[in-house]
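Coordinates as given in query29.cif (mmCIF, C-alpha atoms):
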```cif
data_model
loop_
_atom_site.label_atom_id
_atom_site.label_comp_id
_atom_site.auth_asym_id
_atom_site.auth_seq_id
_atom_site.Cartn_x
_atom_site.Cartn_y
_atom_site.Cartn_z
CA MET A 11 53.34 190.38 13.88
CA LYS A 12 50.52 192.73 14.75
CA LYS A 13 50.40 195.81 12.51
CA ASN A 14 47.70 198.10 13.88
CA PHE A 15 48.18 199.17 17.47
CA GLY A 16 45.66 201.07 19.57
CA ASP A 17 42.70 200.29 17.30
CA TYR A 18 40.26 199.82 20.16
CA SER A 19 41.12 202.94 22.18
CA ARG A 20 41.46 205.08 19.04
CA THR A 21 37.76 204.64 18.35
CA PHE A 22 37.03 206.58 21.54
CA ILE A 23 39.42 209.54 21.17
CA THR A 24 39.53 212.71 19.07
CA ASP A 25 41.86 215.61 18.30
CA VAL A 26 39.58 218.22 19.94
CA PRO A 27 41.49 220.30 22.54
CA ALA A 28 40.06 221.66 25.77
CA ASP A 29 38.32 225.00 26.13
CA LEU A 30 40.50 226.31 28.92
CA GLU A 31 38.31 229.38 29.40
CA SER A 32 35.31 227.26 30.36
CA GLU A 33 34.04 227.33 33.93
CA ARG A 34 34.77 223.62 34.24
CA ALA A 35 38.40 223.95 33.10
CA GLN A 36 38.91 226.85 35.49
CA PHE A 37 37.52 224.70 38.30
CA PHE A 38 39.98 221.91 37.53
CA LYS A 39 42.83 224.41 37.36
CA LYS A 40 42.05 225.57 40.89
CA THR A 41 41.36 222.18 42.44
CA ILE A 42 43.81 219.72 40.83
CA PRO A 43 47.34 219.99 42.24
CA LYS A 44 50.19 219.89 39.70
CA PHE A 45 53.88 219.28 40.40
CA PRO A 46 56.85 220.80 38.54
CA GLU A 47 57.57 219.10 35.20
CA GLU A 48 54.17 217.42 35.26
CA ALA A 49 51.46 217.60 32.60
CA ILE A 50 47.82 216.74 33.29
CA TYR A 51 44.86 216.07 31.04
CA ILE A 52 41.22 215.19 31.56
CA TYR A 53 39.41 213.60 28.63
CA SER A 54 35.63 213.17 28.43
CA PHE A 55 34.32 210.06 26.67
CA ARG A 56 30.82 211.46 26.90
CA GLU A 57 31.81 214.60 24.95
CA ASN A 58 34.63 212.97 22.93
CA ARG A 59 37.06 215.78 23.67
CA MET A 60 39.67 217.06 26.05
CA ILE A 61 38.10 219.10 28.84
CA PHE A 62 41.24 220.12 30.76
CA ALA A 63 44.97 220.36 30.12
CA SER A 64 47.79 221.86 32.15
CA GLY A 65 51.61 221.83 32.03
CA TRP A 66 52.07 220.47 28.52
CA GLU A 67 54.30 223.22 27.18
CA GLU A 68 56.80 222.66 29.98
CA VAL A 69 56.82 218.88 29.47
CA VAL A 70 56.53 218.32 25.69
CA GLY A 71 56.43 221.80 24.14
CA TYR A 72 52.74 221.94 23.18
CA ARG A 73 50.46 224.67 24.54
CA ASP A 74 47.69 223.54 26.83
CA ASP A 75 45.09 224.95 24.42
CA GLU A 76 46.45 222.91 21.48
CA ILE A 77 47.22 219.56 23.10
CA ASN A 78 44.64 216.87 22.38
CA MET A 79 44.14 213.19 23.12
CA LEU A 80 45.16 211.94 19.68
CA ALA A 81 48.38 213.96 19.84
CA ILE A 82 49.25 212.52 23.25
CA VAL A 83 48.74 208.98 21.98
CA ASN A 84 50.84 209.63 18.88
CA MET A 85 53.81 211.32 20.56
CA SER A 86 55.26 208.14 22.09
CA ALA A 87 58.81 207.39 20.92
CA PRO A 88 58.81 204.76 18.12
CA ASP A 89 60.32 202.00 20.27
CA PHE A 90 57.67 202.54 22.96
CA ALA A 91 54.63 203.27 20.78
CA PRO A 92 53.49 199.69 19.99
CA PHE A 93 53.53 198.65 23.64
CA SER A 94 51.98 201.90 24.85
CA HIS A 95 49.14 201.69 22.32
CA ASP A 96 48.49 198.05 23.15
CA LEU A 97 48.49 198.73 26.89
CA ASN A 98 45.95 201.53 26.40
CA ASP A 99 43.77 199.15 24.39
CA LYS A 100 43.86 196.26 26.83
CA ALA A 101 43.40 198.45 29.91
CA LEU A 102 40.41 200.24 28.40
CA ARG A 103 38.85 196.94 27.31
CA PHE A 104 39.27 195.54 30.82
CA ILE A 105 37.73 198.58 32.52
CA HIS A 106 34.89 198.71 29.99
CA GLY A 107 34.02 195.23 31.23
CA LYS A 108 33.54 196.52 34.77
CA SER A 109 30.59 198.43 36.20
CA LYS A 110 31.53 199.04 39.84
CA ASP A 111 34.22 201.13 41.56
CA LEU A 112 35.52 202.33 38.20
CA GLU A 113 37.23 205.36 39.73
CA ALA A 114 39.57 203.00 41.61
CA TYR A 115 41.16 201.64 38.40
CA SER A 116 44.36 203.02 36.92
CA PHE A 117 47.65 201.96 35.38
CA THR A 118 51.17 203.34 35.11
CA ILE A 119 53.78 203.01 32.40
CA GLU A 120 57.36 204.22 32.00
CA LEU A 121 58.10 205.45 28.49
CA LYS A 122 59.59 208.16 26.32
CA LYS A 123 57.50 210.85 24.66
CA ILE A 124 58.71 213.01 21.78
CA HIS A 125 58.97 216.73 22.58
CA LYS A 126 57.76 219.21 19.95
CA ASN A 127 61.44 220.02 19.25
CA GLY A 128 62.21 216.33 18.58
CA ASP A 129 63.91 215.50 21.89
CA GLU A 130 62.96 212.38 23.86
CA VAL A 131 61.40 213.01 27.28
CA PRO A 132 61.47 210.25 29.97
CA ILE A 133 57.98 209.99 31.44
CA VAL A 134 56.16 208.12 34.16
CA ALA A 135 52.52 208.23 33.06
CA ARG A 136 49.53 207.35 35.21
CA VAL A 137 46.08 207.10 33.68
CA GLY A 138 42.94 206.42 35.66
CA VAL A 139 39.18 206.80 35.68
CA LEU A 140 38.16 210.22 37.00
CA SER A 141 34.40 209.84 36.85
CA SER A 142 31.72 207.34 35.84
CA GLU A 143 27.98 207.28 35.48
CA ASN A 144 25.60 204.31 35.50
CA GLY A 145 28.52 201.87 35.47
CA LYS A 146 30.25 203.45 32.47
CA ILE A 147 33.41 205.54 32.20
CA GLU A 148 32.62 209.21 31.82
CA SER A 149 36.11 210.73 31.97
CA ILE A 150 39.74 209.79 32.56
CA ILE A 151 42.66 211.71 34.00
CA GLY A 152 46.27 211.34 32.93
CA ARG A 153 49.33 212.64 34.74
CA PHE A 154 52.67 212.69 32.89
CA GLN A 155 55.65 213.30 35.18
CA VAL A 156 59.12 213.89 33.77
CA ASN A 157 61.62 211.56 35.49
CA ARG A 158 65.16 212.14 34.29
CA GLY A 159 66.41 209.37 36.57
CA LEU A 160 64.71 206.65 34.52
CA ILE A 161 67.06 204.16 32.91
CA PHE A 162 65.50 202.35 29.97
CA GLY A 163 66.50 198.93 28.69
CA LYS A 164 64.70 196.71 26.20
CA VAL A 165 61.89 195.90 28.64
CA MET A 166 58.76 198.01 29.13
CA ARG A 167 57.64 198.51 32.73
CA TYR A 168 54.04 198.95 33.85
CA ALA A 169 51.68 198.37 36.77
CA ALA A 170 47.91 198.04 37.23
CA TYR A 171 45.77 199.17 40.16
CA GLY A 172 42.18 198.69 41.25
CA PRO A 173 39.75 196.52 43.21
CA GLU A 174 40.57 193.57 40.95
CA LYS A 175 44.27 194.40 40.63
CA GLU A 176 45.39 190.79 40.34
CA LYS A 177 42.90 190.02 37.57
CA PHE A 178 43.60 193.36 35.84
CA GLU A 179 47.34 192.71 35.76
CA GLU A 180 46.85 189.06 34.79
CA GLU A 181 44.73 190.07 31.79
CA LEU A 182 47.32 192.64 30.74
CA ASN A 183 50.09 190.05 31.09
CA LYS A 184 48.25 187.65 28.77
CA ALA A 185 47.50 190.28 26.17
CA LEU A 186 50.94 191.87 26.23
CA PHE A 187 52.94 188.65 26.36
CA TYR A 188 54.58 189.10 22.95
CA HIS A 189 56.05 192.44 24.08
CA LEU A 190 59.25 192.65 26.09
CA ALA A 191 57.37 193.90 29.13
CA ILE A 192 57.20 193.28 32.86
CA SER A 193 54.49 194.12 35.36
CA ASN A 194 55.12 195.60 38.77
CA LYS A 195 54.00 192.33 40.39
CA GLU A 196 56.49 190.31 38.33
CA LYS A 197 59.24 192.81 39.03
CA GLU A 198 58.66 192.61 42.81
CA ALA A 199 58.99 188.82 42.74
CA LEU A 200 62.05 188.96 40.50
CA SER A 201 63.78 191.41 42.83
CA LEU A 202 63.55 188.84 45.63
CA VAL A 203 64.85 186.10 43.32
CA ALA A 204 67.86 188.35 42.70
CA LYS A 205 68.40 188.58 46.47
CA GLY A 206 68.56 184.79 46.73
CA TYR A 207 65.05 184.07 48.01
CA SER A 208 63.52 180.71 47.10
CA PHE A 209 60.07 180.55 45.51
CA LYS A 210 58.73 179.25 48.84
CA GLU A 211 60.23 182.22 50.70
CA ILE A 212 58.87 184.68 48.14
CA ALA A 213 55.42 183.11 48.42
CA HIS A 214 55.57 183.57 52.20
CA GLU A 215 56.72 187.18 51.76
CA PHE A 216 53.73 188.03 49.54
CA ASN A 217 51.31 185.72 51.37
CA VAL A 218 50.45 183.81 48.20
CA SER A 219 50.86 180.21 47.07
CA HIS A 220 54.06 178.70 45.70
CA SER A 221 52.32 178.18 42.34
CA ALA A 222 51.37 181.88 42.23
CA ILE A 223 55.06 182.80 42.36
CA GLU A 224 55.88 180.25 39.69
CA LYS A 225 53.26 181.88 37.45
CA ARG A 226 55.00 185.22 37.93
CA ILE A 227 58.53 184.01 37.25
CA ILE A 228 58.48 181.00 34.89
CA PRO A 229 56.72 182.79 31.97
CA LEU A 230 59.56 185.34 31.98
CA TYR A 231 61.91 182.61 30.70
CA LYS A 232 60.08 182.40 27.38
CA ARG A 233 59.25 186.10 27.19
CA PHE A 234 62.88 187.17 27.62
CA GLU A 235 64.38 184.07 25.96
CA VAL A 236 66.46 182.99 28.96
CA LYS A 237 67.15 179.44 30.16
CA SER A 238 67.75 179.72 33.90
CA LEU A 239 67.10 181.88 36.96
CA THR A 240 70.69 183.09 36.84
CA HIS A 241 70.28 184.12 33.21
CA LEU A 242 66.95 185.80 34.04
CA VAL A 243 68.46 187.85 36.86
CA SER A 244 71.40 188.82 34.66
CA PHE A 245 68.99 189.88 31.92
CA ALA A 246 67.03 191.96 34.45
CA TYR A 247 70.15 193.88 35.52
CA ASP A 248 71.39 194.32 31.97
CA ASN A 249 68.06 195.83 30.92
CA SER A 250 67.57 198.07 33.97
CA ILE A 251 64.59 196.10 35.26
CA LEU A 252 66.42 195.82 38.57
CA PRO A 253 68.55 198.67 39.99
#
```
What is this structure when it is put down as C-alpha cells?
Amino acid sequence: MKKNFGDYSRTFITDVPADLESERAQFFKKTIPKFPEEAIYIYSFRENRMIFASGWEEVVGYRDDEINMLAIVNMSAPDFAPFSHDLNDKALRFIHGKSKDLEAYSFTIELKKIHKNGDEVPIVARVGVLSSENGKIESIIGRFQVNRGLIFGKVMRYAAYGPEKEKFEEELNKALFYHLAISNKEKEALSLVAKGYSFKEIAHEFNVSHSAIEKRIIPLYKRFEVKSLTHLVSFAYDNSILP
C-alpha cells in the first residue's frame, strides 16, 4: 500500500498566504464572482504563494488572510485525503506534460473538508489552470462550494475536463485504480446500465464504440469487487454513486 500521498504536488506548494491588500488581490476581489458558501483561491506557481483568497471563513472557519495552499491540501477528511492527494498529483503531472490550451484543463472532486472547529464540510471542489506562460502553468484557481445535499458512500467521485478530456480521464483512471473511485464518464455509462440499456445502446447514445463502453464498465468489476452487472448496479446504489 502506498504510504506517501501528494508527494509530487507538495513540491510545488507552500504555506504562504495571500497579501489581500495588494492591488492584484483587490482586482481579483472585484472581478471574480463568488457564490454564497463558496471559497475561492488563486495560487501562483511562479511566486510559490497564494495570491488571492475569498470566502474561507464562511466555508471552513479560516480567515482569508491566513488560509494557504498547504492548509487547504491538509484539511481533507482522513477517509478522503489519500484519494484527494493522489488526484492532485496525477492531474498536475498530466497538465505539466501539456504545453497548449492549459487554461482549458480542470478537474472536480466531491469530498469532505475539516472545518476549523472540527466539523466535516461536504464540498464540491473544482481546480483549474487560471493562467500560463510559454507553455507552463503560471497560476491555478480553486473553487470550493459547500453542497449539503451530497450523499457520500465508499466511492470517490471525480471528473476531468479539457481539450484532451478522454486522455486526461483515462490517465487518472489508470493511476487511481487502486482507490474506490469513479470518474464522471464511468458514472454516466453506469447510469444507463442501471436503466437497462445494453452496451450497444450505450455506445450509440455516446457515439463511441462498443469496446469503449466495455472499457468503462468492465474494470469496475475488479475495482469494486463485484461479479455481475446486477451486483455492480446494486453496489452503485448502495454507495450513492447513482441517485
Distance table requested - range 28-124 of chain A against range 163-167 of chain A, cut-off 9 Å, all atoms listed in the file: one row per qualifying residue with the closest atom pair and its distance in Å to one decimal, ordered by chain and rising residue number, as CSV.
```
residue,atom,partner,partner_atom,distance
A:Phe90,CA,A:Met166,CA,7.7
A:Phe93,CA,A:Met166,CA,7.6
A:Ser94,CA,A:Met166,CA,8.9
A:Thr118,CA,A:Arg167,CA,8.4
A:Ile119,CA,A:Arg167,CA,5.9
A:Glu120,CA,A:Arg167,CA,5.8
A:Leu121,CA,A:Met166,CA,7.5
```
Go ahead and write the selection's residues with C-alpha atoms as a PDB file, keeping the file's coordinate frame.
```
ATOM      1  CA  PHE A  90      57.670 202.540  22.960  1.00  0.00           C
ATOM      2  CA  PHE A  93      53.530 198.650  23.640  1.00  0.00           C
ATOM      3  CA  SER A  94      51.980 201.900  24.850  1.00  0.00           C
ATOM      4  CA  THR A 118      51.170 203.340  35.110  1.00  0.00           C
ATOM      5  CA  ILE A 119      53.780 203.010  32.400  1.00  0.00           C
ATOM      6  CA  GLU A 120      57.360 204.220  32.000  1.00  0.00           C
ATOM      7  CA  LEU A 121      58.100 205.450  28.490  1.00  0.00           C
TER       8      LEU A 121
END
```
Exercise. Any idea what the distance is between CA of Ser193 in chain A and CA of Tyr168 in chain A?
Worked result: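 Computed distance, CA of Ser193 in chain A to CA of Tyr168 in chain A, equals 5.1 Å.
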For this session: Mind listing whatever residues come within 9 Å of the point (37.9, 209.3, 31.7)? Use all atoms listed in the file, file coordinates, and give them as a ChimeraX atom specification.
Result: /A:52-56,113,137-142,147-152
Could you turn the residues from that selection into a file that holds C-alpha atoms, as a PDB file, in the frame of the given file?
```
ATOM      1  CA  ILE A  52      41.220 215.190  31.560  1.00  0.00           C
ATOM      2  CA  TYR A  53      39.410 213.600  28.630  1.00  0.00           C
ATOM      3  CA  SER A  54      35.630 213.170  28.430  1.00  0.00           C
ATOM      4  CA  PHE A  55      34.320 210.060  26.670  1.00  0.00           C
ATOM      5  CA  ARG A  56      30.820 211.460  26.900  1.00  0.00           C
ATOM      6  CA  GLU A 113      37.230 205.360  39.730  1.00  0.00           C
ATOM      7  CA  VAL A 137      46.080 207.100  33.680  1.00  0.00           C
ATOM      8  CA  GLY A 138      42.940 206.420  35.660  1.00  0.00           C
ATOM      9  CA  VAL A 139      39.180 206.800  35.680  1.00  0.00           C
ATOM     10  CA  LEU A 140      38.160 210.220  37.000  1.00  0.00           C
ATOM     11  CA  SER A 141      34.400 209.840  36.850  1.00  0.00           C
ATOM     12  CA  SER A 142      31.720 207.340  35.840  1.00  0.00           C
ATOM     13  CA  ILE A 147      33.410 205.540  32.200  1.00  0.00           C
ATOM     14  CA  GLU A 148      32.620 209.210  31.820  1.00  0.00           C
ATOM     15  CA  SER A 149      36.110 210.730  31.970  1.00  0.00           C
ATOM     16  CA  ILE A 150      39.740 209.790  32.560  1.00  0.00           C
ATOM     17  CA  ILE A 151      42.660 211.710  34.000  1.00  0.00           C
ATOM     18  CA  GLY A 152      46.270 211.340  32.930  1.00  0.00           C
TER      19      GLY A 152
END
```
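In this model, the gap between CA of Tyr171 in chain A and CA of Leu190 in chain A comes to 20.5 Å.
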Exercise. Pick the closest to Asn144 in chain A from A:Arg20, A:Ser221, A:Ser109, A:Thr240: which is it, counting only C-alpha atoms?
Worked result: A:Ser109
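With all atoms listed in the file as the atoms that count, the residue of A:Asp75, A:Glu67, A:Glu57, A:Glu48 with the shortest distance to Ala28 in chain A is A:Asp75.
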